$ cat data-v1.txt   # compact mmCIF, C-alpha atoms (C1' of nucleotides)
# COMPACT_ATOMS: atom_id res chain seq x y z
CA MET A 1 0.00 0.00 0.00
CA ARG A 2 1.21 3.46 -0.72
CA THR A 3 -0.42 5.80 1.80
CA ARG A 4 -1.12 4.95 5.42
CA ARG A 5 -3.88 5.80 7.83
CA ASP A 6 -1.87 8.51 9.53
CA GLY A 7 -0.70 9.97 6.23
CA ARG A 8 2.97 9.24 6.84
CA GLU A 9 5.00 7.46 4.24
CA ARG A 10 5.93 3.96 5.20
CA VAL A 11 9.52 4.58 4.20
CA PRO A 12 10.62 7.81 5.87
CA PRO A 13 12.84 10.31 4.05
CA HIS A 14 16.57 9.85 4.01
CA PRO A 15 18.76 12.91 4.42
CA GLU A 16 21.57 13.61 2.01
CA VAL A 17 24.89 12.67 3.50
CA GLY A 18 26.29 16.01 2.41
CA ALA A 19 23.87 17.78 4.73
CA ILE A 20 25.03 15.95 7.84
CA GLY A 21 27.63 17.17 10.29
CA LEU A 22 30.34 15.23 12.02
CA GLN A 23 28.71 15.91 15.36
CA GLN A 24 25.58 14.04 14.40
CA VAL A 25 27.59 11.16 13.00
CA LEU A 26 29.59 10.82 16.18
CA GLU A 27 26.52 10.96 18.35
CA ALA A 28 25.18 8.09 16.27
CA LEU A 29 28.32 6.01 16.41
CA VAL A 30 29.20 6.54 20.04
CA ASP A 31 26.52 4.09 21.06
CA PRO A 32 27.93 0.56 21.09
CA VAL A 33 24.70 -1.01 19.91
CA ARG A 34 24.55 1.25 16.89
CA ARG A 35 28.24 0.79 16.20
CA GLY A 36 27.65 -2.94 16.31
CA ILE A 37 24.90 -2.63 13.73
CA VAL A 38 27.11 -0.60 11.43
CA ALA A 39 29.98 -3.04 11.98
CA GLU A 40 27.79 -5.95 10.94
CA LEU A 41 26.75 -4.11 7.81
CA TYR A 42 30.31 -3.08 7.11
CA ALA A 43 31.52 -6.65 7.29
CA SER A 44 28.65 -7.95 5.18
CA ASP A 45 28.24 -7.77 1.44
CA ARG A 46 24.48 -7.83 1.58
CA ASP A 47 21.74 -5.87 3.27
CA ILE A 48 20.33 -7.05 6.57
CA SER A 49 16.81 -6.85 7.95
CA CYS A 50 16.17 -5.15 11.27
CA GLY A 51 15.58 -8.49 12.92
CA GLY A 52 18.71 -9.97 11.42
CA PHE A 53 21.11 -8.17 13.72
CA ASP A 54 22.59 -9.46 16.90
CA VAL A 55 21.52 -6.69 19.26
CA PRO A 56 21.05 -6.98 23.03
CA VAL A 57 18.01 -4.69 23.24
CA SER A 58 14.27 -4.87 22.79
CA ARG A 59 12.62 -4.38 19.43
CA SER A 60 11.37 -0.90 20.22
CA THR A 61 14.84 0.17 21.28
CA ALA A 62 16.29 -1.33 18.13
CA THR A 63 13.82 0.69 16.07
CA HIS A 64 15.08 3.78 17.83
CA HIS A 65 18.68 2.94 16.96
CA PHE A 66 17.86 2.37 13.30
CA HIS A 67 16.12 5.71 13.28
CA VAL A 68 19.21 7.45 14.61
CA LEU A 69 21.45 5.69 12.10
CA ARG A 70 19.18 6.63 9.23
CA GLU A 71 19.01 10.28 10.32
CA ALA A 72 22.78 10.34 10.53
CA GLY A 73 23.04 9.21 6.93
CA LEU A 74 24.68 5.91 7.74
CA ILE A 75 22.04 3.51 6.48
CA ARG A 76 19.32 3.38 3.86
CA GLN A 77 16.13 1.54 4.65
CA TYR A 78 13.59 -0.08 2.36
CA TYR A 79 10.85 -2.62 2.78
CA VAL A 80 10.67 -6.18 1.59
CA GLY A 81 7.34 -7.52 2.74
CA THR A 82 7.08 -6.92 6.44
CA SER A 83 10.85 -6.81 6.80
CA ARG A 84 12.70 -3.57 6.76
CA MET A 85 16.05 -3.96 5.10
CA ASN A 86 19.10 -1.92 6.02
CA ALA A 87 21.87 -0.97 3.64
CA LEU A 88 25.07 0.75 4.58
CA ARG A 89 25.60 3.95 2.58
CA ARG A 90 29.22 3.07 2.06
CA GLU A 91 30.49 5.18 -0.80
CA GLU A 92 28.44 8.27 -0.02
CA PHE A 93 29.60 8.20 3.53
CA GLU A 94 33.20 7.56 2.68
CA ALA A 95 33.15 10.55 0.36
CA ALA A 96 31.76 12.82 3.07
CA PHE A 97 33.83 11.48 5.97
CA PRO A 98 36.95 9.85 4.55
CA GLY A 99 38.46 7.16 6.68
CA LEU A 100 35.90 7.39 9.43
CA LEU A 101 34.04 4.15 8.86
CA PRO A 102 37.19 2.04 8.46
CA ALA A 103 38.65 3.56 11.60
CA LEU A 104 35.53 2.92 13.65
CA VAL A 105 34.09 -0.34 12.43
CA GLY A 106 36.84 -1.69 10.23
CA GLY A 107 39.02 -4.41 11.61
CA ARG A 108 42.20 -2.39 12.14
CA GLY A 109 43.24 -0.93 15.45
CA ARG A 110 41.95 -1.54 18.92
CA ALA A 111 38.31 -2.38 19.51
CA MET B 1 56.80 20.62 45.88
CA ARG B 2 56.58 16.90 45.47
CA THR B 3 53.83 15.72 47.79
CA ARG B 4 50.68 17.66 48.48
CA ARG B 5 48.56 18.16 51.55
CA ASP B 6 46.02 15.59 50.44
CA GLY B 7 48.73 13.12 49.43
CA ARG B 8 47.78 13.10 45.75
CA GLU B 9 50.40 13.64 43.12
CA ARG B 10 50.13 16.93 41.38
CA VAL B 11 50.43 15.26 38.00
CA PRO B 12 47.90 12.43 37.91
CA PRO B 13 48.76 9.11 36.28
CA HIS B 14 48.37 8.66 32.57
CA PRO B 15 46.94 5.39 31.31
CA GLU B 16 48.67 3.44 28.58
CA VAL B 17 46.98 3.93 25.28
CA GLY B 18 47.06 0.20 24.70
CA ALA B 19 44.76 -0.28 27.68
CA ILE B 20 42.03 1.97 26.35
CA GLY B 21 39.01 0.87 24.37
CA LEU B 22 37.42 2.52 21.40
CA GLN B 23 34.27 3.13 23.40
CA GLN B 24 36.09 5.36 25.86
CA VAL B 25 37.82 7.23 23.07
CA LEU B 26 34.56 7.92 21.30
CA GLU B 27 32.87 9.08 24.47
CA ALA B 28 35.74 11.52 24.85
CA LEU B 29 35.64 12.78 21.28
CA VAL B 30 31.89 13.04 20.88
CA ASP B 31 31.88 16.23 22.91
CA PRO B 32 32.47 19.21 20.61
CA VAL B 33 34.44 21.12 23.24
CA ARG B 34 36.83 18.24 23.72
CA ARG B 35 37.07 17.64 19.99
CA GLY B 36 37.93 21.30 19.60
CA ILE B 37 40.73 20.96 22.11
CA VAL B 38 42.13 17.95 20.32
CA ALA B 39 41.77 19.71 16.98
CA GLU B 40 43.77 22.66 18.22
CA LEU B 41 46.50 20.35 19.45
CA TYR B 42 46.41 18.38 16.24
CA ALA B 43 46.90 21.49 14.15
CA SER B 44 49.66 22.82 16.39
CA ASP B 45 53.26 21.76 16.52
CA ARG B 46 53.72 22.71 20.14
CA ASP B 47 52.02 21.95 23.42
CA ILE B 48 49.32 24.26 24.75
CA SER B 49 48.48 25.24 28.30
CA CYS B 50 44.99 24.69 29.64
CA GLY B 51 44.27 28.39 29.48
CA GLY B 52 45.59 28.64 25.95
CA PHE B 53 42.61 27.02 24.30
CA ASP B 54 39.63 28.74 22.81
CA VAL B 55 36.89 27.01 24.75
CA PRO B 56 33.40 28.40 25.47
CA VAL B 57 33.13 27.01 28.99
CA SER B 58 34.16 27.91 32.51
CA ARG B 59 37.52 26.93 33.95
CA SER B 60 36.12 24.19 36.10
CA THR B 61 34.32 22.68 33.15
CA ALA B 62 37.50 22.90 31.09
CA THR B 63 39.33 21.03 33.83
CA HIS B 64 36.72 18.32 33.57
CA HIS B 65 37.23 18.05 29.81
CA PHE B 66 40.99 17.79 30.13
CA HIS B 67 40.48 15.07 32.69
CA VAL B 68 38.35 13.07 30.28
CA LEU B 69 40.83 13.53 27.46
CA ARG B 70 43.71 12.41 29.64
CA GLU B 71 41.85 9.33 30.86
CA ALA B 72 41.07 8.46 27.26
CA GLY B 73 44.76 8.50 26.42
CA LEU B 74 44.51 11.43 24.05
CA ILE B 75 46.67 13.95 25.86
CA ARG B 76 49.63 14.02 28.21
CA GLN B 77 49.78 16.69 30.87
CA TYR B 78 52.74 18.18 32.70
CA TYR B 79 53.33 21.30 34.69
CA VAL B 80 55.35 24.37 33.85
CA GLY B 81 55.06 26.69 36.79
CA THR B 82 51.39 27.14 37.51
CA SER B 83 50.46 26.29 33.96
CA ARG B 84 49.45 22.82 33.02
CA MET B 85 50.64 21.96 29.56
CA ASN B 86 48.83 19.60 27.24
CA ALA B 87 50.49 17.44 24.62
CA LEU B 88 48.70 15.33 22.05
CA ARG B 89 49.80 11.69 22.23
CA ARG B 90 49.98 11.55 18.48
CA GLU B 91 52.06 8.51 17.57
CA GLU B 92 50.88 6.30 20.41
CA PHE B 93 47.31 7.03 19.57
CA GLU B 94 47.76 6.57 15.86
CA ALA B 95 49.30 3.18 16.51
CA ALA B 96 46.37 2.08 18.66
CA PHE B 97 43.59 3.63 16.55
CA PRO B 98 44.90 4.04 13.02
CA GLY B 99 43.25 6.79 11.03
CA LEU B 100 40.91 7.86 13.77
CA LEU B 101 42.51 11.16 14.68
CA PRO B 102 42.93 12.34 11.10
CA ALA B 103 39.35 11.39 10.32
CA LEU B 104 37.96 13.26 13.30
CA VAL B 105 40.09 16.34 13.75
CA GLY B 106 42.13 16.37 10.56
CA GLY B 107 41.12 18.79 7.87
CA ARG B 108 39.69 16.29 5.38
CA GLY B 109 36.01 15.52 5.02
CA ARG B 110 33.00 17.33 6.41
CA ALA B 111 33.17 19.12 9.72
C1' DC C 1 -11.07 -13.90 7.20
C1' DC C 2 -7.86 -14.74 10.86
C1' DA C 3 -3.44 -15.43 12.80
C1' DT C 4 1.16 -14.48 12.89
C1' DA C 5 5.34 -12.01 11.89
C1' DA C 6 7.94 -7.73 11.73
C1' DG C 7 8.30 -3.28 13.02
C1' DT C 8 6.67 1.36 14.66
C1' DA C 9 4.87 4.87 17.91
C1' DC C 10 4.25 6.53 22.36
C1' DG C 11 4.90 7.53 27.11
C1' DA C 12 7.55 6.84 31.25
C1' DT C 13 11.74 6.35 33.63
C1' DG C 14 16.47 6.12 35.28
C1' DG C 15 21.05 7.20 34.83
C1' DC C 16 24.58 9.72 32.98
C1' DT C 17 27.07 14.04 31.96
C1' DG C 18 28.06 18.74 30.79
C1' DT C 19 27.64 22.91 33.18
C1' DC C 20 28.48 26.31 36.75
C1' DA C 21 29.80 28.73 41.19
C1' DA C 22 32.44 28.73 45.23
C1' DA C 23 36.22 27.45 47.96
C1' DC C 24 40.80 25.81 47.84
C1' DT C 25 45.89 24.82 46.39
C1' DT C 26 50.07 25.60 44.31
C1' DT C 27 53.40 28.49 42.14
C1' DG C 28 55.63 32.69 40.88
C1' DA C 29 56.22 37.70 41.30
C1' DT C 30 56.42 42.03 44.03
C1' DA D 1 55.09 38.00 53.51
C1' DT D 2 51.58 39.08 50.22
C1' DC D 3 49.24 38.91 46.19
C1' DA D 4 47.92 37.40 41.82
C1' DA D 5 47.66 33.73 38.30
C1' DA D 6 46.34 29.19 36.92
C1' DG D 7 43.96 25.12 37.88
C1' DT D 8 41.49 21.85 40.79
C1' DT D 9 37.81 19.98 43.64
C1' DT D 10 33.41 19.56 45.25
C1' DG D 11 28.53 19.74 45.17
C1' DA D 12 24.37 20.80 42.84
C1' DC D 13 21.52 20.88 38.93
C1' DA D 14 19.37 20.45 34.38
C1' DG D 15 18.86 18.22 30.17
C1' DC D 16 19.39 14.49 27.41
C1' DC D 17 19.06 9.67 25.89
C1' DA D 18 18.94 4.62 26.03
C1' DT D 19 15.76 1.53 27.63
C1' DC D 20 11.43 -0.85 28.20
C1' DG D 21 6.41 -2.28 27.89
C1' DT D 22 2.27 -1.67 25.62
C1' DA D 23 -0.59 -0.72 21.96
C1' DC D 24 -0.84 -0.23 17.10
C1' DT D 25 0.03 -0.98 11.91
C1' DT D 26 1.17 -3.44 7.87
C1' DA D 27 1.91 -7.46 5.17
C1' DT D 28 1.90 -12.43 4.37
C1' DG D 29 0.24 -17.32 4.76
C1' DG D 30 -3.25 -20.58 5.69
$ encode --input "data-v1.txt" --output "structure tokens"
Amino acid sequence: MRTRRDGRERVPPHPEVGAIGLQQVLEALVDPVRRGIVAELYASDRDISCGGFDVPVSRSTATHHFHVLREAGLIRQYYVGTSRMNALRREEFEAAFPGLLPALVGGRGRA
Amino acid sequence: MRTRRDGRERVPPHPEVGAIGLQQVLEALVDPVRRGIVAELYASDRDISCGGFDVPVSRSTATHHFHVLREAGLIRQYYVGTSRMNALRREEFEAAFPGLLPALVGGRGRA
DNA sequence: CCATAAGTACGATGGCTGTCAAACTTTGAT
DNA sequence: ATCAAAGTTTGACAGCCATCGTACTTATGG
């Protein structure tokens, strides 16, 4: 279905990575749960549904984290059936913040 | 003087960078005031006293920020007279967290 | 049509932390 | 000896945010 009862789009808008500041990105990635989500996506070559992550929080909290990550330009979300898929915005993000993702969720350096 | 009334050393101990986790580092660098301090040190080729930074907070708050940065292994502090000098632990930190400092306080990428 | 699966939205809550002012300490200069 | 400069420490406070449970929505399968 295209429109919903409350009028909101089912897939919320994604900001352009170029319009996002480093502060917002850091506030997103300082949370270990969110960093874990991004790390899983970074290490994977395919998109992952919200329920497909190994997160130690409730579903509603997980939704909150995905929201923050989306608003920070780190992930793109789209629906497949009832599942919401998450894709890492790799190249866009790397262009805007060079070296940041590798340094934070790449394998090199201390954890 | 070497020992103080309360017995504490005037220069508190500095942790080894190898004993610090990424989580602690990010919690230190997510604060814009602290990131500004580190950015000033990163762009400078000499150490800077606590009062020599351009920070928009009170002295006691600044002290708190320097404390956090020191505990996160980002700076080394030593006294010169009444002034407390701050040195960026550049190489040590780069070895432990490759690329992180340049990505966060280096000039490249979005602010 | 009904049940189930997968998320979302909303309110409430608890803990953390950045902030400041005030009092204090140490050092250096007069 | 005093005084000023530079930081520190402590306590208090306000705002934020991660978390959860509950209720709700949407889509799919029988």
$ calpha_fit_and_write --input "data-v1.txt" --fixed "chain B" --moving "chain A" --output "JSON list (two decimals) with C-alpha atoms, in the frame of the given file"
[["chain", "number", "residue", "atom", "x", "y", "z"],
["A", 1, "MET", "CA", 56.93, 20.63, 45.63],
["A", 2, "ARG", "CA", 56.64, 16.92, 45.31],
["A", 3, "THR", "CA", 53.90, 15.77, 47.69],
["A", 4, "ARG", "CA", 50.72, 17.69, 48.44],
["A", 5, "ARG", "CA", 48.61, 18.17, 51.51],
["A", 6, "ASP", "CA", 46.04, 15.61, 50.42],
["A", 7, "GLY", "CA", 48.70, 13.10, 49.41],
["A", 8, "ARG", "CA", 47.75, 13.10, 45.74],
["A", 9, "GLU", "CA", 50.38, 13.61, 43.11],
["A", 10, "ARG", "CA", 50.14, 16.92, 41.38],
["A", 11, "VAL", "CA", 50.44, 15.25, 38.01],
["A", 12, "PRO", "CA", 47.91, 12.41, 37.93],
["A", 13, "PRO", "CA", 48.75, 9.07, 36.30],
["A", 14, "HIS", "CA", 48.36, 8.63, 32.58],
["A", 15, "PRO", "CA", 46.92, 5.37, 31.31],
["A", 16, "GLU", "CA", 48.67, 3.42, 28.59],
["A", 17, "VAL", "CA", 46.98, 3.93, 25.27],
["A", 18, "GLY", "CA", 47.03, 0.19, 24.71],
["A", 19, "ALA", "CA", 44.74, -0.29, 27.69],
["A", 20, "ILE", "CA", 42.01, 1.97, 26.35],
["A", 21, "GLY", "CA", 38.99, 0.88, 24.37],
["A", 22, "LEU", "CA", 37.39, 2.52, 21.39],
["A", 23, "GLN", "CA", 34.26, 3.15, 23.41],
["A", 24, "GLN", "CA", 36.08, 5.37, 25.86],
["A", 25, "VAL", "CA", 37.81, 7.23, 23.06],
["A", 26, "LEU", "CA", 34.54, 7.92, 21.30],
["A", 27, "GLU", "CA", 32.87, 9.08, 24.47],
["A", 28, "ALA", "CA", 35.74, 11.52, 24.84],
["A", 29, "LEU", "CA", 35.64, 12.78, 21.29],
["A", 30, "VAL", "CA", 31.90, 13.04, 20.88],
["A", 31, "ASP", "CA", 31.88, 16.23, 22.90],
["A", 32, "PRO", "CA", 32.48, 19.21, 20.62],
["A", 33, "VAL", "CA", 34.45, 21.12, 23.22],
["A", 34, "ARG", "CA", 36.85, 18.24, 23.71],
["A", 35, "ARG", "CA", 37.08, 17.63, 19.99],
["A", 36, "GLY", "CA", 37.94, 21.29, 19.59],
["A", 37, "ILE", "CA", 40.75, 20.95, 22.11],
["A", 38, "VAL", "CA", 42.16, 17.93, 20.32],
["A", 39, "ALA", "CA", 41.79, 19.70, 16.97],
["A", 40, "GLU", "CA", 43.79, 22.66, 18.23],
["A", 41, "LEU", "CA", 46.51, 20.35, 19.46],
["A", 42, "TYR", "CA", 46.43, 18.37, 16.25],
["A", 43, "ALA", "CA", 46.92, 21.48, 14.17],
["A", 44, "SER", "CA", 49.67, 22.81, 16.42],
["A", 45, "ASP", "CA", 53.28, 21.75, 16.55],
["A", 46, "ARG", "CA", 53.71, 22.71, 20.17],
["A", 47, "ASP", "CA", 52.02, 21.96, 23.45],
["A", 48, "ILE", "CA", 49.33, 24.26, 24.77],
["A", 49, "SER", "CA", 48.47, 25.25, 28.32],
["A", 50, "CYS", "CA", 44.97, 24.69, 29.65],
["A", 51, "GLY", "CA", 44.26, 28.39, 29.48],
["A", 52, "GLY", "CA", 45.59, 28.65, 25.96],
["A", 53, "PHE", "CA", 42.61, 27.02, 24.31],
["A", 54, "ASP", "CA", 39.64, 28.72, 22.80],
["A", 55, "VAL", "CA", 36.88, 27.00, 24.75],
["A", 56, "PRO", "CA", 33.39, 28.38, 25.43],
["A", 57, "VAL", "CA", 33.09, 26.99, 28.97],
["A", 58, "SER", "CA", 34.11, 27.91, 32.48],
["A", 59, "ARG", "CA", 37.46, 26.94, 33.93],
["A", 60, "SER", "CA", 36.06, 24.18, 36.10],
["A", 61, "THR", "CA", 34.29, 22.66, 33.13],
["A", 62, "ALA", "CA", 37.46, 22.89, 31.09],
["A", 63, "THR", "CA", 39.32, 21.03, 33.82],
["A", 64, "HIS", "CA", 36.72, 18.31, 33.56],
["A", 65, "HIS", "CA", 37.23, 18.03, 29.80],
["A", 66, "PHE", "CA", 41.00, 17.79, 30.15],
["A", 67, "HIS", "CA", 40.49, 15.06, 32.69],
["A", 68, "VAL", "CA", 38.35, 13.07, 30.28],
["A", 69, "LEU", "CA", 40.85, 13.53, 27.46],
["A", 70, "ARG", "CA", 43.72, 12.42, 29.66],
["A", 71, "GLU", "CA", 41.84, 9.33, 30.86],
["A", 72, "ALA", "CA", 41.07, 8.46, 27.27],
["A", 73, "GLY", "CA", 44.76, 8.50, 26.43],
["A", 74, "LEU", "CA", 44.52, 11.43, 24.06],
["A", 75, "ILE", "CA", 46.68, 13.95, 25.87],
["A", 76, "ARG", "CA", 49.63, 14.01, 28.24],
["A", 77, "GLN", "CA", 49.76, 16.68, 30.89],
["A", 78, "TYR", "CA", 52.71, 18.18, 32.73],
["A", 79, "TYR", "CA", 53.30, 21.30, 34.73],
["A", 80, "VAL", "CA", 55.31, 24.36, 33.88],
["A", 81, "GLY", "CA", 55.01, 26.69, 36.83],
["A", 82, "THR", "CA", 51.35, 27.17, 37.54],
["A", 83, "SER", "CA", 50.43, 26.29, 33.97],
["A", 84, "ARG", "CA", 49.43, 22.82, 33.03],
["A", 85, "MET", "CA", 50.64, 21.97, 29.57],
["A", 86, "ASN", "CA", 48.83, 19.60, 27.24],
["A", 87, "ALA", "CA", 50.49, 17.44, 24.63],
["A", 88, "LEU", "CA", 48.72, 15.33, 22.08],
["A", 89, "ARG", "CA", 49.81, 11.69, 22.24],
["A", 90, "ARG", "CA", 49.99, 11.53, 18.49],
["A", 91, "GLU", "CA", 52.06, 8.51, 17.58],
["A", 92, "GLU", "CA", 50.88, 6.30, 20.43],
["A", 93, "PHE", "CA", 47.32, 7.03, 19.58],
["A", 94, "GLU", "CA", 47.76, 6.57, 15.88],
["A", 95, "ALA", "CA", 49.29, 3.17, 16.52],
["A", 96, "ALA", "CA", 46.36, 2.08, 18.67],
["A", 97, "PHE", "CA", 43.58, 3.63, 16.57],
["A", 98, "PRO", "CA", 44.88, 4.05, 13.02],
["A", 99, "GLY", "CA", 43.25, 6.79, 11.04],
["A", 100, "LEU", "CA", 40.92, 7.89, 13.79],
["A", 101, "LEU", "CA", 42.50, 11.20, 14.69],
["A", 102, "PRO", "CA", 42.93, 12.34, 11.07],
["A", 103, "ALA", "CA", 39.34, 11.41, 10.32],
["A", 104, "LEU", "CA", 37.97, 13.28, 13.32],
["A", 105, "VAL", "CA", 40.12, 16.34, 13.76],
["A", 106, "GLY", "CA", 42.15, 16.38, 10.58],
["A", 107, "GLY", "CA", 41.15, 18.79, 7.89],
["A", 108, "ARG", "CA", 39.71, 16.30, 5.40],
["A", 109, "GLY", "CA", 36.03, 15.57, 5.05],
["A", 110, "ARG", "CA", 33.03, 17.36, 6.41],
["A", 111, "ALA", "CA", 33.19, 19.14, 9.74]]
$ atom_distance --input "data-v1.txt" --atom1 "atom CA of A:Ile37" --atom2 "atom CA of A:His65"
9.0 Å
$ interface_residues --input "data-v1.txt" --of "chain A" --to "chain B" --cutoff "9 Å" --atoms "only C-alpha atoms" --output "ChimeraX atom specification"
/A:18,20-23,26-27,29-32,94-100,102-104,108-111
$ interface_residues --input "data-v1.txt" --of "chain C" --to "chain B" --cutoff "9 Å" --atoms "all atoms listed in the file" --output "number ranges by chain"
C: 18-20, 25-28
$ interface_residues --input "data-v1.txt" --of "chain D" --to "chain B" --cutoff "9 Å" --atoms "all atoms listed in the file" --output "short mmCIF file (atom, residue, chain, number, x, y, z; two decimals) with C-alpha atoms (C1' of nucleotides), keeping the file's coordinate frame"
data_model
loop_
_atom_site.label_atom_id
_atom_site.label_comp_id
_atom_site.auth_asym_id
_atom_site.auth_seq_id
_atom_site.Cartn_x
_atom_site.Cartn_y
_atom_site.Cartn_z
"C1'" DA D 5 47.66 33.73 38.30
"C1'" DA D 6 46.34 29.19 36.92
"C1'" DG D 7 43.96 25.12 37.88
"C1'" DT D 8 41.49 21.85 40.79
"C1'" DT D 9 37.81 19.98 43.64
#
$ atom_distance --input "data-v1.txt" --atom1 "atom C1' of D:DT10" --atom2 "atom CA of B:Glu71"
19.6 Å
$ build_atoms --input "data-v1.txt" --residues "stretch 11-30 of chain B" --atoms "N, CA and C atoms" --output "tab-separated table (two decimals), keeping the file's coordinate frame"
chain	number	residue	atom	x	y	z
B	11	VAL	N	50.68	15.75	39.36
B	11	VAL	CA	50.43	15.26	38.00
B	11	VAL	C	49.83	13.87	38.10
B	12	PRO	N	48.58	13.73	37.77
B	12	PRO	CA	47.90	12.43	37.91
B	12	PRO	C	48.44	11.42	36.90
B	13	PRO	N	48.21	10.14	37.15
B	13	PRO	CA	48.76	9.11	36.28
B	13	PRO	C	48.10	9.11	34.91
B	14	HIS	N	48.89	8.76	33.93
B	14	HIS	CA	48.37	8.66	32.57
B	14	HIS	C	48.24	7.19	32.22
B	15	PRO	N	47.10	6.79	31.72
B	15	PRO	CA	46.94	5.39	31.31
B	15	PRO	C	47.73	5.10	30.05
B	16	GLU	N	48.05	3.83	29.84
B	16	GLU	CA	48.67	3.44	28.58
B	16	GLU	C	47.60	3.40	27.50
B	17	VAL	N	47.97	3.87	26.35
B	17	VAL	CA	46.98	3.93	25.28
B	17	VAL	C	46.52	2.53	24.89
B	18	GLY	N	47.42	1.56	25.05
B	18	GLY	CA	47.06	0.20	24.70
B	18	GLY	C	45.99	-0.39	25.60
B	19	ALA	N	45.75	0.25	26.74
B	19	ALA	CA	44.76	-0.28	27.68
B	19	ALA	C	43.41	0.39	27.53
B	20	ILE	N	43.25	1.18	26.50
B	20	ILE	CA	42.03	1.97	26.35
B	20	ILE	C	41.21	1.42	25.20
B	21	GLY	N	39.90	1.39	25.40
B	21	GLY	CA	39.01	0.87	24.37
B	21	GLY	C	38.44	1.97	23.50
B	22	LEU	N	37.99	1.56	22.34
B	22	LEU	CA	37.42	2.52	21.40
B	22	LEU	C	36.22	3.24	21.99
B	23	GLN	N	35.45	2.51	22.81
B	23	GLN	CA	34.27	3.13	23.40
B	23	GLN	C	34.65	4.37	24.20
B	24	GLN	N	35.67	4.24	25.03
B	24	GLN	CA	36.09	5.36	25.86
B	24	GLN	C	36.59	6.52	25.01
B	25	VAL	N	37.31	6.19	23.96
B	25	VAL	CA	37.82	7.23	23.07
B	25	VAL	C	36.68	7.99	22.41
B	26	LEU	N	35.68	7.26	21.97
B	26	LEU	CA	34.56	7.92	21.30
B	26	LEU	C	33.77	8.77	22.27
B	27	GLU	N	33.59	8.27	23.48
B	27	GLU	CA	32.87	9.08	24.47
B	27	GLU	C	33.63	10.36	24.76
B	28	ALA	N	34.95	10.30	24.65
B	28	ALA	CA	35.74	11.52	24.85
B	28	ALA	C	35.57	12.46	23.66
B	29	LEU	N	35.60	11.93	22.47
B	29	LEU	CA	35.64	12.78	21.28
B	29	LEU	C	34.27	13.17	20.76
B	30	VAL	N	33.22	12.67	21.35
B	30	VAL	CA	31.89	13.04	20.88
B	30	VAL	C	31.52	14.44	21.37
